[in-house]
$ cat upload.txt   # compact mmCIF, C-alpha atoms and all ligand atoms
# COMPACT_ATOMS: atom_id res chain seq x y z
CA MET A 898 38.27 -158.54 -79.12
CA LEU A 899 38.77 -161.51 -76.84
CA THR A 900 36.08 -161.96 -74.21
CA THR A 901 35.49 -164.67 -71.68
CA GLY A 902 31.72 -164.96 -71.38
CA GLY A 903 29.43 -163.64 -68.74
CA TYR A 904 30.23 -165.40 -65.50
CA ARG A 905 32.40 -164.19 -62.64
CA LYS A 906 36.00 -165.32 -62.87
CA TYR A 907 38.32 -165.83 -59.89
CA LEU A 908 41.91 -164.70 -60.34
CA GLY A 909 44.50 -165.60 -57.70
CA PHE A 910 47.79 -163.76 -57.31
CA PHE A 911 50.64 -165.79 -55.80
CA GLY A 912 54.35 -165.34 -55.23
CA LYS A 913 57.08 -164.61 -52.71
CA ARG A 914 56.90 -161.73 -50.27
CA ASN A 915 57.60 -158.29 -51.63
CA VAL A 916 57.60 -159.26 -55.34
CA GLY A 917 54.79 -156.77 -55.91
CA LYS A 918 51.61 -158.87 -55.97
CA SER A 919 49.49 -156.21 -54.30
CA SER A 920 51.01 -153.43 -56.42
CA LEU A 921 50.30 -155.38 -59.59
CA ILE A 922 46.68 -156.00 -58.63
CA ASN A 923 46.17 -152.32 -57.89
CA ARG A 924 47.68 -151.42 -61.25
CA LEU A 925 45.68 -154.03 -63.15
CA VAL A 926 42.33 -153.02 -61.69
CA GLY A 927 43.12 -149.31 -61.50
CA GLN A 928 42.16 -149.13 -57.81
CA GLU A 929 43.98 -149.28 -54.49
CA ILE A 930 42.42 -152.49 -53.27
CA SER A 931 45.39 -153.99 -51.49
CA ILE A 932 47.96 -152.42 -49.15
CA VAL A 933 51.43 -152.07 -50.62
CA SER A 934 54.61 -151.52 -48.61
CA GLU A 935 58.31 -152.17 -48.78
CA GLN A 936 57.91 -154.24 -45.61
CA PRO A 937 57.85 -157.93 -46.66
CA GLY A 938 54.76 -159.78 -45.44
CA THR A 939 52.34 -156.87 -45.82
CA THR A 940 49.46 -159.04 -46.98
CA THR A 941 48.78 -161.52 -44.18
CA ASP A 942 45.31 -162.79 -45.03
CA PRO A 943 44.02 -163.38 -48.56
CA VAL A 944 42.21 -160.26 -49.75
CA TYR A 945 39.10 -160.87 -51.87
CA LYS A 946 37.76 -158.10 -54.02
CA SER A 947 34.98 -158.32 -56.59
CA LEU A 948 35.00 -155.86 -59.43
CA GLU A 949 34.80 -155.44 -63.19
CA ILE A 950 38.00 -155.59 -65.19
CA HIS A 951 37.59 -154.39 -68.73
CA PRO A 952 37.19 -156.41 -71.00
CA ILE A 953 37.25 -159.55 -68.82
CA GLY A 954 33.98 -158.73 -67.06
CA PRO A 955 33.05 -159.53 -63.46
CA VAL A 956 36.07 -160.80 -61.57
CA THR A 957 36.99 -161.64 -58.00
CA VAL A 958 40.66 -160.96 -57.40
CA ILE A 959 42.39 -162.83 -54.59
CA ASP A 960 45.62 -161.32 -53.24
CA THR A 961 47.42 -164.02 -51.26
CA PRO A 962 50.07 -163.59 -48.58
CA GLY A 963 53.61 -163.95 -49.90
CA VAL A 964 55.71 -166.90 -48.80
CA ASP A 965 59.48 -166.66 -48.69
CA ASP A 966 60.65 -170.16 -49.24
CA VAL A 967 59.55 -173.71 -49.31
CA GLY A 968 60.64 -174.01 -45.66
CA ASP A 969 57.53 -172.00 -44.95
CA LEU A 970 55.33 -174.70 -46.44
CA GLY A 971 52.84 -175.96 -43.94
CA ASN A 972 52.67 -172.70 -42.05
CA LEU A 973 49.54 -170.61 -41.81
CA ARG A 974 50.41 -168.27 -44.68
CA VAL A 975 50.85 -171.17 -47.08
CA GLU A 976 47.68 -172.82 -45.87
CA ARG A 977 45.80 -169.62 -46.63
CA ALA A 978 47.35 -169.33 -50.06
CA LYS A 979 46.53 -172.99 -50.67
CA LYS A 980 42.84 -172.49 -49.92
CA ALA A 981 42.70 -169.88 -52.65
CA LEU A 982 43.96 -172.51 -55.10
CA TYR A 983 40.74 -174.52 -54.82
CA LYS A 984 38.63 -171.61 -55.97
CA ILE A 985 40.37 -169.94 -58.86
CA ASP A 986 39.91 -170.02 -62.61
CA LEU A 987 43.41 -168.69 -63.26
CA ALA A 988 46.58 -168.01 -61.27
CA ILE A 989 48.99 -165.16 -61.76
CA LEU A 990 52.38 -166.09 -60.39
CA VAL A 991 54.35 -162.94 -59.65
CA VAL A 992 58.15 -163.22 -59.58
CA ASP A 993 61.07 -160.79 -59.54
CA SER A 994 64.31 -162.34 -60.76
CA SER A 995 64.61 -165.57 -58.81
CA TRP A 996 63.05 -168.99 -59.14
CA SER A 997 63.01 -170.91 -55.87
CA ASP A 998 61.44 -174.06 -54.53
CA TYR A 999 58.35 -172.04 -53.65
CA GLU A 1000 57.69 -171.07 -57.27
CA LYS A 1001 58.39 -174.65 -58.31
CA TRP A 1002 55.90 -175.91 -55.74
CA LEU A 1003 53.30 -173.40 -56.96
CA VAL A 1004 53.69 -174.37 -60.63
CA ASN A 1005 53.53 -177.99 -59.61
CA SER A 1006 50.29 -177.34 -57.75
CA PHE A 1007 48.80 -175.42 -60.69
CA GLU A 1008 49.57 -178.29 -63.02
CA LYS A 1009 48.30 -180.94 -60.64
CA MET A 1010 45.09 -179.03 -59.96
CA GLU A 1011 44.65 -178.10 -63.64
CA ILE A 1012 44.76 -174.37 -62.95
CA PRO A 1013 45.84 -172.32 -65.96
CA PHE A 1014 48.47 -169.74 -65.02
CA VAL A 1015 50.45 -166.78 -66.27
CA ILE A 1016 53.81 -165.71 -64.85
CA ALA A 1017 54.25 -161.97 -64.35
CA ILE A 1018 57.91 -160.99 -64.06
CA ASN A 1019 57.51 -157.77 -62.11
CA LYS A 1020 59.76 -154.74 -61.56
CA SER A 1021 60.86 -154.49 -65.21
CA ASP A 1022 61.85 -150.89 -64.42
CA ILE A 1023 64.74 -152.20 -62.32
CA ASP A 1024 67.81 -153.59 -63.99
CA LEU A 1025 68.05 -157.18 -62.76
CA ASP A 1026 69.74 -160.29 -64.18
CA ARG A 1027 66.73 -162.33 -65.29
CA SER A 1028 68.52 -164.71 -67.69
CA ASP A 1029 68.41 -167.74 -65.40
CA LEU A 1030 64.75 -167.10 -64.54
CA ILE A 1031 63.71 -166.76 -68.19
CA LYS A 1032 65.42 -170.07 -69.05
CA ARG A 1033 63.39 -171.83 -66.37
CA ILE A 1034 60.00 -170.40 -67.32
CA GLU A 1035 60.36 -170.27 -71.10
CA LYS A 1036 57.75 -172.96 -71.65
CA PHE A 1037 55.08 -171.18 -69.57
CA PRO A 1038 53.15 -168.06 -70.57
CA HIS A 1039 55.16 -165.16 -69.10
CA ILE A 1040 55.08 -161.37 -69.35
CA LEU A 1041 57.59 -158.78 -68.21
CA VAL A 1042 55.72 -156.06 -66.33
CA SER A 1043 56.18 -153.13 -64.02
CA ALA A 1044 53.53 -152.30 -61.47
CA LYS A 1045 55.42 -149.03 -60.98
CA THR A 1046 55.47 -147.71 -64.56
CA GLY A 1047 52.61 -149.71 -66.06
CA GLU A 1048 54.85 -151.38 -68.64
CA GLY A 1049 53.47 -154.72 -69.88
CA ILE A 1050 50.16 -154.37 -68.00
CA GLU A 1051 48.08 -154.44 -71.20
CA LYS A 1052 49.95 -157.55 -72.36
CA LEU A 1053 49.29 -159.18 -69.00
CA ARG A 1054 45.59 -158.37 -69.34
CA GLU A 1055 45.53 -159.97 -72.81
CA SER A 1056 47.37 -163.01 -71.54
CA ILE A 1057 44.89 -163.42 -68.68
CA ILE A 1058 41.98 -163.34 -71.14
CA LYS A 1059 43.72 -165.82 -73.43
CA GLU A 1060 44.46 -168.33 -70.69
CA LEU A 1061 41.12 -168.10 -68.85
CA PRO A 1062 39.00 -171.19 -69.51
CA LYS A 1063 36.16 -170.49 -71.92
CA GLU A 1064 32.57 -171.15 -71.04
CA GLU A 1065 30.81 -173.89 -72.97
CA GLU A 1066 27.04 -173.96 -73.31
CA ILE A 1067 25.46 -177.39 -73.20
CA PRO A 1068 21.74 -177.72 -73.99
CA LEU A 1069 19.35 -179.69 -71.84
CA LEU A 1070 18.21 -182.04 -74.59
CA SER A 1071 17.94 -180.30 -77.97
CA ASP A 1072 21.13 -181.96 -79.25
CA LEU A 1073 19.70 -185.40 -78.51
CA ILE A 1074 16.75 -185.07 -80.89
CA ASP A 1075 15.97 -184.01 -84.43
CA GLY A 1076 13.19 -181.75 -85.66
CA GLY A 1077 9.88 -183.62 -86.01
CA GLU A 1078 10.81 -186.29 -83.47
CA ILE A 1079 8.82 -186.96 -80.33
CA VAL A 1080 10.03 -186.29 -76.81
CA LEU A 1081 7.99 -187.85 -74.06
CA LEU A 1082 8.24 -186.27 -70.61
CA VAL A 1083 6.99 -188.24 -67.63
CA VAL A 1084 6.07 -185.76 -64.94
CA PRO A 1085 4.90 -186.90 -61.52
CA ILE A 1086 2.12 -184.85 -60.01
CA ASP A 1087 2.52 -185.92 -56.40
CA LEU A 1088 2.88 -184.27 -53.00
CA GLY A 1089 6.33 -182.96 -53.91
CA ALA A 1090 5.07 -181.21 -57.06
CA PRO A 1091 4.48 -177.46 -56.73
CA LYS A 1092 0.77 -176.65 -56.84
CA GLY A 1093 -0.35 -175.38 -60.24
CA LYS A 1094 3.17 -175.39 -61.69
CA LEU A 1095 5.78 -177.46 -63.46
CA ILE A 1096 9.34 -177.38 -62.15
CA MET A 1097 12.15 -175.62 -63.98
CA PRO A 1098 13.77 -178.59 -65.80
CA GLN A 1099 10.34 -179.70 -67.06
CA VAL A 1100 9.58 -176.23 -68.41
CA GLU A 1101 13.04 -175.97 -69.99
CA ALA A 1102 12.67 -179.39 -71.61
CA ILE A 1103 9.35 -178.38 -73.19
CA ARG A 1104 10.82 -175.12 -74.42
CA GLU A 1105 13.91 -176.74 -75.94
CA THR A 1106 11.84 -179.39 -77.69
CA LEU A 1107 9.63 -176.71 -79.23
CA ASP A 1108 12.65 -174.63 -80.25
CA ARG A 1109 14.01 -177.74 -81.99
CA GLU A 1110 10.72 -178.00 -83.90
CA ALA A 1111 10.13 -181.36 -82.32
CA ILE A 1112 6.99 -182.64 -80.60
CA CYS A 1113 6.69 -182.68 -76.84
CA ILE A 1114 4.24 -184.95 -75.08
CA VAL A 1115 3.86 -184.59 -71.33
CA VAL A 1116 2.22 -187.35 -69.30
CA LYS A 1117 1.96 -188.53 -65.72
CA GLU A 1118 3.53 -191.92 -64.98
CA ARG A 1119 0.19 -193.75 -65.00
CA GLU A 1120 -0.53 -192.71 -68.58
CA LEU A 1121 2.93 -193.64 -69.86
CA ARG A 1122 2.32 -197.20 -70.99
CA TRP A 1123 -0.97 -196.31 -72.64
CA THR A 1124 0.63 -193.35 -74.47
CA LEU A 1125 3.46 -195.50 -75.77
CA GLU A 1126 0.95 -198.03 -77.09
CA LYS A 1127 -1.04 -195.30 -78.87
CA LEU A 1128 1.98 -193.71 -80.61
CA LYS A 1129 2.58 -194.81 -84.20
CA THR A 1130 6.16 -193.54 -84.05
CA PRO A 1131 8.07 -194.32 -80.87
CA PRO A 1132 9.57 -191.33 -79.06
CA ALA A 1133 13.17 -190.35 -79.77
CA LEU A 1134 13.63 -189.78 -76.04
CA VAL A 1135 11.74 -190.43 -72.83
CA VAL A 1136 12.65 -188.31 -69.82
CA ALA A 1137 11.49 -189.23 -66.34
CA ASP A 1138 12.04 -188.34 -62.71
CA SER A 1139 14.92 -190.13 -60.98
CA HIS A 1140 12.90 -191.39 -58.07
CA LEU A 1141 10.39 -193.17 -60.34
CA ILE A 1142 12.97 -194.44 -62.77
CA SER A 1143 12.84 -198.16 -61.95
CA ARG A 1144 9.07 -198.26 -62.47
CA ILE A 1145 9.25 -196.22 -65.63
CA ALA A 1146 12.11 -198.24 -67.12
CA ALA A 1147 9.90 -201.30 -66.86
CA ASP A 1148 7.27 -199.58 -69.01
CA VAL A 1149 9.62 -198.22 -71.69
CA PRO A 1150 10.89 -200.77 -74.22
CA GLU A 1151 14.70 -201.18 -74.14
CA GLU A 1152 15.13 -199.80 -77.68
CA ILE A 1153 13.62 -196.41 -76.75
CA PRO A 1154 16.21 -194.02 -75.31
CA LEU A 1155 15.38 -193.22 -71.69
CA THR A 1156 17.02 -190.81 -69.30
CA THR A 1157 16.19 -188.67 -66.27
CA PHE A 1158 15.74 -184.94 -65.75
CA SER A 1159 18.63 -185.10 -63.28
CA ILE A 1160 21.00 -186.63 -65.82
CA LEU A 1161 20.02 -183.95 -68.35
CA GLU A 1162 20.52 -181.25 -65.73
CA ALA A 1163 23.85 -182.74 -64.63
CA ARG A 1164 25.12 -182.35 -68.18
CA HIS A 1165 23.45 -178.98 -68.82
CA LYS A 1166 24.58 -177.41 -65.56
CA GLY A 1167 27.74 -179.31 -64.73
CA ASP A 1168 29.94 -182.11 -65.91
CA LEU A 1169 28.09 -185.38 -66.37
CA LEU A 1170 31.28 -187.40 -66.71
CA GLU A 1171 32.70 -186.15 -63.40
CA LEU A 1172 29.42 -186.84 -61.63
CA VAL A 1173 29.25 -190.34 -63.08
CA LYS A 1174 32.89 -190.99 -62.17
CA GLY A 1175 32.02 -189.87 -58.65
CA VAL A 1176 29.27 -192.44 -58.30
CA LYS A 1177 31.80 -195.23 -58.63
CA ALA A 1178 33.20 -194.17 -55.25
CA ILE A 1179 30.10 -195.72 -53.70
CA GLU A 1180 31.71 -199.11 -54.12
CA ASN A 1181 34.70 -197.99 -52.02
CA LEU A 1182 32.50 -196.86 -49.12
CA THR A 1183 32.73 -198.82 -45.90
CA PRO A 1184 30.78 -198.60 -42.64
CA GLU A 1185 33.52 -196.17 -41.47
CA SER A 1186 33.07 -193.77 -44.41
CA LYS A 1187 31.85 -190.21 -44.32
CA VAL A 1188 29.45 -188.89 -46.95
CA VAL A 1189 28.54 -185.23 -47.29
CA ILE A 1190 25.13 -184.36 -48.69
CA MET A 1191 25.50 -180.92 -50.22
CA GLU A 1192 22.47 -178.73 -50.83
CA ALA A 1193 22.98 -175.46 -52.65
CA CYS A 1194 19.91 -173.86 -51.09
CA SER A 1195 18.63 -174.01 -47.55
CA HIS A 1196 15.09 -175.25 -48.18
CA ILE A 1197 12.82 -176.50 -45.43
CA PRO A 1198 13.34 -180.27 -45.53
CA LEU A 1199 10.34 -182.40 -46.50
CA VAL A 1200 9.36 -185.39 -44.39
CA GLU A 1201 10.81 -187.83 -46.90
CA ASP A 1202 13.46 -185.44 -48.14
CA ILE A 1203 15.50 -186.88 -51.03
CA GLY A 1204 18.85 -185.61 -49.78
CA ARG A 1205 18.39 -185.85 -46.04
CA VAL A 1206 16.34 -189.04 -45.75
CA LYS A 1207 16.07 -191.14 -48.89
CA ILE A 1208 19.62 -191.05 -50.25
CA PRO A 1209 21.20 -191.74 -46.82
CA ARG A 1210 18.76 -194.62 -46.39
CA TRP A 1211 19.49 -196.13 -49.83
CA LEU A 1212 23.26 -195.71 -49.40
CA THR A 1213 23.11 -197.26 -45.95
CA ASN A 1214 21.18 -200.22 -47.33
CA HIS A 1215 23.68 -200.57 -50.17
CA ILE A 1216 26.77 -200.54 -47.94
CA GLY A 1217 25.25 -202.21 -44.93
CA GLY A 1218 25.11 -199.47 -42.30
CA GLY A 1219 27.54 -197.36 -40.33
CA ILE A 1220 28.17 -194.52 -42.81
CA GLU A 1221 28.40 -191.07 -41.27
CA PHE A 1222 26.31 -188.48 -43.13
CA GLU A 1223 26.71 -184.76 -42.86
CA ILE A 1224 24.40 -182.19 -44.46
CA LYS A 1225 25.97 -179.00 -45.75
CA SER A 1226 23.70 -176.36 -47.21
CA GLY A 1227 24.23 -172.91 -48.62
CA LYS A 1228 25.70 -171.07 -51.58
CA GLU A 1229 29.31 -171.20 -50.30
CA PHE A 1230 31.35 -174.32 -50.91
CA PRO A 1231 32.25 -175.57 -47.40
CA GLU A 1232 35.92 -175.50 -46.36
CA ASP A 1233 35.89 -178.26 -43.76
CA LEU A 1234 35.87 -181.38 -45.85
CA GLU A 1235 38.51 -183.45 -44.11
CA ASN A 1236 38.16 -187.24 -44.39
CA VAL A 1237 35.17 -187.02 -46.70
CA ASP A 1238 34.86 -190.07 -48.97
CA LEU A 1239 32.04 -188.87 -51.19
CA ILE A 1240 30.01 -185.73 -51.82
CA VAL A 1241 26.46 -186.18 -53.08
CA HIS A 1242 25.36 -182.81 -54.44
CA CYS A 1243 21.81 -181.67 -55.13
CA GLY A 1244 20.74 -180.95 -58.71
CA GLY A 1245 21.72 -177.33 -58.18
CA CYS A 1246 18.54 -175.78 -59.58
CA THR A 1247 19.37 -172.48 -57.85
CA LEU A 1248 22.93 -172.44 -59.20
CA THR A 1249 24.26 -171.32 -62.56
CA ARG A 1250 26.42 -173.62 -64.68
CA ALA A 1251 29.52 -171.63 -63.72
CA MET A 1252 28.72 -172.01 -60.02
CA MET A 1253 28.16 -175.73 -60.37
CA LEU A 1254 31.38 -176.23 -62.33
CA ARG A 1255 33.28 -174.31 -59.65
CA ARG A 1256 31.91 -176.62 -56.97
CA LEU A 1257 32.89 -179.67 -59.01
CA ARG A 1258 36.37 -178.24 -59.43
CA GLU A 1259 36.72 -177.50 -55.73
CA ALA A 1260 35.85 -181.12 -54.94
CA LYS A 1261 38.17 -182.45 -57.63
CA ARG A 1262 41.09 -180.35 -56.43
CA ARG A 1263 40.58 -181.69 -52.92
CA GLY A 1264 40.56 -185.19 -54.35
CA ILE A 1265 37.00 -185.90 -53.14
CA PRO A 1266 34.70 -187.84 -55.49
CA ILE A 1267 31.49 -185.95 -56.17
CA SER A 1268 28.21 -187.07 -57.67
CA ASN A 1269 24.67 -185.78 -57.53
CA TYR A 1270 21.28 -186.92 -56.30
CA GLY A 1271 19.96 -188.06 -59.68
CA VAL A 1272 23.07 -189.96 -60.74
CA VAL A 1273 23.35 -191.66 -57.34
CA ILE A 1274 19.67 -192.64 -57.37
CA SER A 1275 19.95 -194.17 -60.85
CA TYR A 1276 23.09 -196.01 -59.78
CA LEU A 1277 21.58 -197.38 -56.59
CA HIS A 1278 18.52 -198.53 -58.53
CA GLY A 1279 20.77 -200.42 -60.95
CA ILE A 1280 19.62 -198.33 -63.91
CA ILE A 1281 22.61 -196.06 -64.56
CA ASN A 1282 23.72 -197.80 -67.77
CA ARG A 1283 20.27 -197.51 -69.26
CA VAL A 1284 19.86 -193.80 -68.49
CA LEU A 1285 23.36 -193.02 -69.79
CA LYS A 1286 22.78 -194.76 -73.12
CA PRO A 1287 21.71 -191.51 -74.85
CA PHE A 1288 25.23 -190.19 -74.03
CA PRO A 1289 27.61 -192.57 -75.79
CA GLU A 1290 30.46 -190.07 -75.38
CA VAL A 1291 30.13 -190.19 -71.58
CA GLN A 1292 30.00 -193.96 -71.62
CA ALA A 1293 33.05 -194.13 -73.89
CA LEU A 1294 35.03 -191.69 -71.76
CA LEU A 1295 34.05 -193.54 -68.66
CA GLU A 1296 35.29 -196.81 -70.07
CA GLU A 1297 38.52 -195.14 -71.17
CA THR A 1298 38.99 -193.70 -67.68
CA TYR A 1299 38.50 -197.07 -66.06
CA ASN A 1300 40.73 -198.89 -68.50
CA ALA A 1301 43.46 -196.30 -67.91
CA GLY A 1302 43.07 -196.74 -64.16
CA LYS A 1303 43.38 -200.52 -64.29
N1 LIG A 1401 60.65 -150.59 -58.67
C1 LIG A 1401 59.53 -151.26 -58.50
N2 LIG A 1401 59.05 -151.50 -57.27
C2 LIG A 1401 57.91 -152.18 -57.13
C3 LIG A 1401 57.18 -152.65 -58.24
N3 LIG A 1401 56.08 -153.32 -57.79
C4 LIG A 1401 56.13 -153.25 -56.44
N4 LIG A 1401 57.21 -152.57 -56.05
C5 LIG A 1401 57.60 -152.30 -54.64
O1 LIG A 1401 57.88 -153.51 -53.99
C6 LIG A 1401 57.46 -153.47 -52.63
C7 LIG A 1401 56.52 -154.59 -52.30
O2 LIG A 1401 55.30 -154.41 -53.01
P1 LIG A 1401 53.94 -155.16 -52.60
O3 LIG A 1401 52.99 -154.89 -53.69
O4 LIG A 1401 53.56 -154.80 -51.22
O5 LIG A 1401 54.45 -156.65 -52.63
P2 LIG A 1401 53.67 -158.00 -52.24
O6 LIG A 1401 54.15 -159.05 -53.16
O7 LIG A 1401 52.22 -157.75 -52.20
O8 LIG A 1401 54.25 -158.27 -50.80
P3 LIG A 1401 53.63 -159.11 -49.57
O9 LIG A 1401 52.21 -158.68 -49.37
O10 LIG A 1401 54.54 -158.74 -48.45
O11 LIG A 1401 53.74 -160.55 -49.90
C8 LIG A 1401 56.87 -152.07 -52.43
O12 LIG A 1401 57.85 -151.23 -51.88
C9 LIG A 1401 56.49 -151.65 -53.85
O13 LIG A 1401 56.49 -150.24 -54.02
C10 LIG A 1401 57.71 -152.39 -59.55
O14 LIG A 1401 57.16 -152.76 -60.59
N5 LIG A 1401 58.88 -151.70 -59.61
MG MG A 1402 50.90 -157.91 -50.66
$ encode --input "upload.txt" --output "structure tokens"
Amino acid sequence: MLTTGGYRKYLGFFGKRNVGKSSLINRLVGQEISIVSEQPGTTTDPVYKSLEIHPIGPVTVIDTPGVDDVGDLGNLRVERAKKALYKIDLAILVVDSSWSDYEKWLVNSFEKMEIPFVIAINKSDIDLDRSDLIKRIEKFPHILVSAKTGEGIEKLRESIIKELPKEEEIPLLSDLIDGGEIVLLVVPIDLGAPKGKLIMPQVEAIRETLDREAICIVVKERELRWTLEKLKTPPALVVADSHLISRIAADVPEEIPLTTFSILEARHKGDLLELVKGVKAIENLTPESKVVIMEACSHIPLVEDIGRVKIPRWLTNHIGGGIEFEIKSGKEFPEDLENVDLIVHCGGCTLTRAMMLRRLREAKRRGIPISNYGVVISYLHGIINRVLKPFPEVQALLEETYNAGK
């Protein structure tokens, strides 16, 4: 059986008015979650409903208002449908027998925003001339269905599962080392460190090293140089905190791979390449730019808070003043991101990988560069190339991206 992994998927239903979007959703989920009527324009606001769809798992279904033609573009209904596009993992485009500029615009948007989609040709119980439509959509995944009789619904379900992006698990560091090798973790015990505890990435790094049957050595920054001198075999990897990285890089010989907990987390939880691409936007910032600092949790800010104080200060010094900073915190990805030139996201320790990837996608679809605290700090300290060395594939892709953009 095909399954899609454990995280919540967002499915968006789109299409013209009265094609049967709401009816199809109700049929697919086996519940009356959306109002159906023969009156076109029944659904006026997107309807969000979270539920389990067997065997897809936890899903949030978004029923969007229908739009009659492309002349409607720019009106409120389209704007609402458009917002749903940022969020979804997969789109279901519902059509009857016609293919208008609106459907073309939707498919165009799906392709541009890299949203996988399935076309559901609804009302198969009615005899309609669909030959022209089929010719136009041949190359896309499409299923003939009837919300009324249930015909094709199982096929649609299978197609949804097939097209949904699959989850990929990326370890924190175990793929960077071999059994028997040494991993050296440099852990600051300062005012920011929780009393009597190590923080999550440090604990995970220890656990993964042990699972790999490698050797984990944990030191504070003061003991680093001495430890390196004592070791007969140099470590296969040194991992340090971003905010100490310049000092630590000076103590670790160039030939020893060095990275930061944030870089490891960025890869483990999100998409390191996207976050590194985002950091390049710093060079396009001007004193008129707007930067959003995005925190996934609403913690009580520390006096020298990394996101609220230090990063704005370093960025301001780098650009030479004038940048407008805005702090956005909370689990929801904010909607009002007009004229934002860069998002600097926190490490996302309270988020799952799926949640982080969704946030990256939402930024990407809005065309806003996004990076994170750790990557930005390493960049602003001139150490990004060094800490990315253990990830030749990211460096290679990055070079490719830049060469293609030239
Ligand atoms: N014969 C037939 N009628 C259908 C089918 N699916 C929906 N309908 C009818 O089509 C009409 C519109 O259905 P809705 O589900 O409200 O359509 P919608 O796309 O959500 O419409 P809006 O919310 O106005 O955009 C209703 O009268 C439904 O009973 C189908 O498979 N066959
Ligand atoms: Mg509807």
$ closest_residue --input "upload.txt" --among "A:His951, A:Lys1009, A:Arg1205, A:Lys1045" --to "ligand LIG 1401 (chain A)" --atoms "all atoms listed in the file"
A:Lys1045
$ closest_residue --input "upload.txt" --among "A:His1278, A:Lys913, A:Lys1286, A:Lys1032" --to "Gly963 (chain A)" --atoms "all atoms listed in the file"
A:Lys913
$ closest_atom_pairs --input "upload.txt" --of "chain A" --to "ligand LIG 1401 (chain A)" --cutoff "6 Å" --atoms "all atoms listed in the file" --output "tab-separated table"
residue	atom	partner	partner_atom	distance
A:Lys913	CA	A:LIG1401	O11	6.0
A:Arg914	CA	A:LIG1401	O11	3.4
A:Asn915	CA	A:LIG1401	O8	3.5
A:Val916	CA	A:LIG1401	O6	4.1
A:Gly917	CA	A:LIG1401	O5	3.3
A:Lys918	CA	A:LIG1401	O6	3.8
A:Ser919	CA	A:LIG1401	O7	3.8
A:Ser920	CA	A:LIG1401	O3	3.7
A:Val933	CA	A:LIG1401	O4	3.5
A:Ser934	CA	A:LIG1401	O4	4.3
A:Glu935	CA	A:LIG1401	O12	3.3
A:Pro937	CA	A:LIG1401	O10	3.8
A:Gly938	CA	A:LIG1401	O10	3.2
A:Thr939	CA	A:LIG1401	O10	3.9
A:Thr940	CA	A:LIG1401	O9	3.7
A:Pro962	CA	A:LIG1401	O11	4.9
A:Gly963	CA	A:LIG1401	O11	3.4
A:Asn1019	CA	A:LIG1401	O14	5.2
A:Lys1020	CA	A:LIG1401	O14	3.4
A:Asp1022	CA	A:LIG1401	N5	5.7
A:Ile1023	CA	A:LIG1401	N1	5.7
A:Ser1043	CA	A:LIG1401	O14	3.6
A:Ala1044	CA	A:LIG1401	O14	3.8
A:Lys1045	CA	A:LIG1401	O14	4.1
$ closest_residue --input "upload.txt" --among "A:Glu1192, A:Asp1024, A:Glu929, A:Glu1008" --to "Lys1228 (chain A)" --atoms "all atoms listed in the file"
A:Glu1192
$ closest_residue --input "upload.txt" --among "A:Ala1147, A:Val1115, A:Leu1061, A:Val956" --to "Val926 (chain A)" --atoms "all atoms listed in the file"
A:Val956
$ axis_aligned_box --input "upload.txt" --around "region 981-986 of chain A" --padding-each-side "4 Å" --output "lines of an AutoDock Vina configuration file"
center_x = 41.3
center_y = -172.2
center_z = -57.6
size_x = 13.3
size_y = 12.6
size_z = 18.0
$ residues_around --input "upload.txt" --residues "region 1251-1267 of chain A" --least-positions-apart "2" --cutoff "8 Å" --atoms "all atoms listed in the file" --output "PyMOL selection string"
chain A and resi 904+983-984+1010+1064+1166-1168+1171-1172+1174-1176+1178+1230+1237-1242+1245+1248-1249+1269
$ closest_residue --input "upload.txt" --among "A:Leu1025, A:Leu1107, A:Leu925, A:Ile1179" --to "Gly1077 (chain A)" --atoms "only C-alpha atoms"
A:Leu1107
$ atom_distance --input "upload.txt" --atom1 "CA of Glu1048 (chain A)" --atom2 "CA of Leu990 (chain A)"
17.0 Å
$ residues_around --input "upload.txt" --residues "Glu1051 (chain A)" --least-positions-apart "4" --cutoff "10 Å" --atoms "only C-alpha atoms" --output "ChimeraX atom specification"
/A:925,1042,1047,1055-1057
$ atom_distance --input "upload.txt" --atom1 "CA of Leu973 (chain A)" --atom2 "CA of Pro943 (chain A)"
11.3 Å
$ atom_distance --input "upload.txt" --atom1 "CA of Ala1090 (chain A)" --atom2 "CA of Asp1138 (chain A)"
11.5 Å
